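For reference, the structure discussed in these notes is given below.
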Amino acid sequence: MGEVVGNKKVVLKNYVTGIPTEGDMGVVTETVRLKAPEGSTAMIVKNLYLSCDPYMRSRMTKHDEPSYVPDFVPGQVITGYGVFKVVDSTHPEFKAGDLAWGTTGWEEYSVITNFEVLFKINHPEIPLSYYTGVLGMPGFTAYVGFYEIGKPKEGEQVFVSAAAGAVGQLVGQFAKLTGCYVAGSAGSDEKVNLLKNKFGFDGAFNYKKEQDLNAALIRCFPRGIDIYFENVGGPMLDAVLLNMRNHGRIAACGMISQYNREKHEGVHNLFCVVPKRLRIEGFVVFDYYASSYQKFEDMMVQHLKEGRITYVEDVAEGLERAPAALTGLFEGRNVGKQLVAVAKE
Ligand SMILES: NC(=O)c1ccc[n+]([C@@H]2O[C@H](COP(=O)([O-])OP(=O)(O)OC[C@H]3O[C@@H](n4cnc5c(N)ncnc54)[C@H](OP(=O)(O)O)[C@@H]3O)[C@@H](O)[C@H]2O)c1
């Protein structure tokens, strides 16, 4: 029949407008039966690590038109990426004890019936939490955006915003591995120090301390920018447009500076796209899992094992800390990849 156990979970209390706060979420305890329902294809999993990702902000708002990801439902558990261990399964490819990552709930145990994003963990010798970041969705996002959208060439000039975060820290290191010059922006001196002294960026600046973003970019890129890995949007995008070189590429990954705004800021320097012959391409990582995730995982595992990629994560311990960890992304409180440790294996 399956044991029935308590199941602590994080729920959205109400839809959010503006800046999300911890109080927009609550931790409640319900129960769950640790047995996959007969006659269904379902898995019961024990969640080990949960990923805090900026796109989750969009899901906290009610959209009149369907968004590219479904809205959360007030009173129900928040869902996102996570690493988990299978407790019971009627899915033909998963059995009890298997380790996997993909879409799950922000709770101790989840019943998974949506298998759109679900991967077996092929390298349990690497810290499992890495599958929320460097080997998971954010790492793969850095890979897709830099290599497939940015199409870098050796010697090119690369700029990354939100450079010390989950995605940015890896983009910078990919740029160095490709033989590019890379500089990044981040929101504290501690992060700027990490960029230069841990991740190997050639240049970095604290955008919160700069009076003039254009001047900061000219300082870092006297010859201009070939590839901009866009994570923030807003005034940074405007300043970057002025500094792009002819035939430059902008890989539009995210625009976090706009996520809490009711009305998005305008972009004033878009005309630069014409004379500079720029290509701006947005992408959503979900579209690339089937074609490229396996290739990425093989490459990244080799890089990690041979010490070519270094990785920083910011771990919040326990589900109670999950709301603060998620909202912290929008204040830049995280240093490196923000995740929540829910349980040991
Ligand atoms: N397209 C896709 O499929 C895809 C997939 C994953 C992620 N993304 C996007 O990639 C970007 C980075 O995600 P991540 O997971 O690596 O997050 P992250 O960088 O680890 O965390 C978010 C960071 O954004 C910065 N930030 C917050 N508010 C800001 C503001 N108003 N202006 C400028 N910077 C701000 C903060 O760093 P500072 O201290 O530097 O301000 C914060 O630490 C986000 O835009 C995200 O939406 C897109």
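Ordering of the structure tokens sets the chain letters (A, B, ...); residue numbers start at 1 within each chain; ligands are numbered from 1 in the order shown.
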
Show me which residues line ligand 1, defined as having an atom within 7 Å of a ligand atom where only C-alpha atoms and all ligand atoms count, and present them as an NGL selection string. :A and (53-55 or 137-138 or 141 or 162-168 or 185-188 or 231-232 or 253-258 or 283-286 or 329-338)

Selected residues written out with C-alpha atoms, as a short mmCIF file (atom, residue, chain, number, x, y, z; two decimals), in the first residue's frame:
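Result saved to again-v3.cif:
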data_model
loop_
_atom_site.label_atom_id
_atom_site.label_comp_id
_atom_site.auth_asym_id
_atom_site.auth_seq_id
_atom_site.Cartn_x
_atom_site.Cartn_y
_atom_site.Cartn_z
CA ASP A 53 15.82 30.20 -11.09
CA PRO A 54 14.89 33.73 -12.23
CA TYR A 55 12.22 32.48 -14.70
CA MET A 137 19.55 23.68 -16.85
CA PRO A 138 21.73 26.78 -16.17
CA THR A 141 21.76 27.44 -21.00
CA ALA A 162 25.00 38.92 -14.28
CA ALA A 163 28.38 37.31 -14.81
CA ALA A 164 28.88 35.80 -11.35
CA GLY A 165 25.59 33.91 -11.39
CA ALA A 166 24.68 30.36 -12.37
CA VAL A 167 24.79 30.97 -16.11
CA GLY A 168 27.25 33.88 -16.30
CA SER A 185 29.45 42.91 -14.93
CA ALA A 186 28.12 42.02 -11.49
CA GLY A 187 26.48 43.80 -8.59
CA SER A 188 29.11 43.67 -5.82
CA ASN A 231 21.21 38.31 -18.84
CA VAL A 232 19.87 41.63 -17.54
CA CYS A 253 19.21 34.73 -22.57
CA GLY A 254 17.32 36.80 -19.99
CA MET A 255 16.47 40.32 -18.86
CA ILE A 256 16.22 40.03 -15.10
CA SER A 257 16.21 43.82 -14.55
CA GLN A 258 12.73 43.84 -16.13
CA PHE A 283 16.47 31.48 -27.04
CA VAL A 284 14.77 29.21 -24.51
CA VAL A 285 16.88 26.31 -23.29
CA PHE A 286 13.94 23.92 -23.31
CA LEU A 329 17.99 36.36 -6.79
CA PHE A 330 16.25 39.66 -7.52
CA GLU A 331 18.44 41.54 -5.04
CA GLY A 332 21.65 39.81 -6.09
CA ARG A 333 22.03 38.13 -2.67
CA ASN A 334 23.21 34.89 -4.28
CA VAL A 335 26.90 34.44 -4.97
CA GLY A 336 27.05 31.78 -7.67
CA LYS A 337 24.31 29.26 -8.36
CA GLN A 338 21.48 29.49 -5.79
#

Enumerate the residues of range 61-273 of chain A with a DSSP assignment of strand (DSSP E or B), computed from the backbone, and present them as number ranges by chain. A: 77, 79-89, 99-105, 107, 109-112, 118-120, 157-160, 181-186, 203-206, 225-230, 244-252

Closest to Gly80 in chain A among A:Val274, A:Ala343, A:Ala322, A:Ala142, using only C-alpha atoms?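 Of all the options, A:Ala322 lies closest to Gly80 in chain A.
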
Write out as a ChimeraX atom specification each polymer residue whose atoms come within 10 Å of Pro275 in chain A, counting only C-alpha atoms; drop sequence neighbours fewer than 6 positions from it. /A:245-247

Restricting the output to C-alpha atoms, write the selected residues as an mmCIF file, in the first residue's frame.
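Ended up saving to out-v1.cif:
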data_model
loop_
_atom_site.group_PDB
_atom_site.id
_atom_site.type_symbol
_atom_site.label_atom_id
_atom_site.label_comp_id
_atom_site.auth_asym_id
_atom_site.auth_seq_id
_atom_site.Cartn_x
_atom_site.Cartn_y
_atom_site.Cartn_z
ATOM 1 C CA ARG A 245 31.275 45.794 -33.243
ATOM 2 C CA ASN A 246 30.083 45.244 -36.798
ATOM 3 C CA HIS A 247 28.506 41.788 -37.251
#

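Summary of the local environment: counting only C-alpha atoms, residues at most 12 Å from Glu210 in chain A, other than itself and those fewer than 2 positions away along its chain, are Ser185, Ala186, Gly187, Ser188, Asp189, Ala204, Phe205, Asn206, Tyr207, Lys208, Asp212, Leu213, Asn214, Ala215, Ala216, Leu217, Arg219, Pro235 and Met236 of chain A.
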
Create the file for the chosen residues now, containing C-alpha atoms and written as a compact mmCIF listing (two decimals), in the first residue's frame.
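The result, written out as selection_21.txt:
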# COMPACT_ATOMS: atom_id res chain seq x y z
CA SER A 185 29.45 42.91 -14.93
CA ALA A 186 28.12 42.02 -11.49
CA GLY A 187 26.48 43.80 -8.59
CA SER A 188 29.11 43.67 -5.82
CA ASP A 189 32.87 43.97 -5.35
CA ALA A 204 34.99 42.99 -14.69
CA PHE A 205 33.09 45.90 -13.16
CA ASN A 206 30.50 46.48 -10.46
CA TYR A 207 27.62 48.01 -12.42
CA LYS A 208 26.07 49.41 -9.24
CA ASP A 212 28.10 55.71 -16.76
CA LEU A 213 27.71 52.16 -18.12
CA ASN A 214 28.89 53.26 -21.56
CA ALA A 215 32.17 54.52 -20.08
CA ALA A 216 32.63 51.27 -18.13
CA LEU A 217 32.17 49.25 -21.33
CA ARG A 219 37.13 50.92 -20.50
CA PRO A 235 20.09 50.25 -19.32
CA MET A 236 22.88 47.67 -19.73

Quick check, in Å to one decimal: how far apart do CA of Gly179 in chain A and CA of Asp202 in chain A lie? 11.4 Å
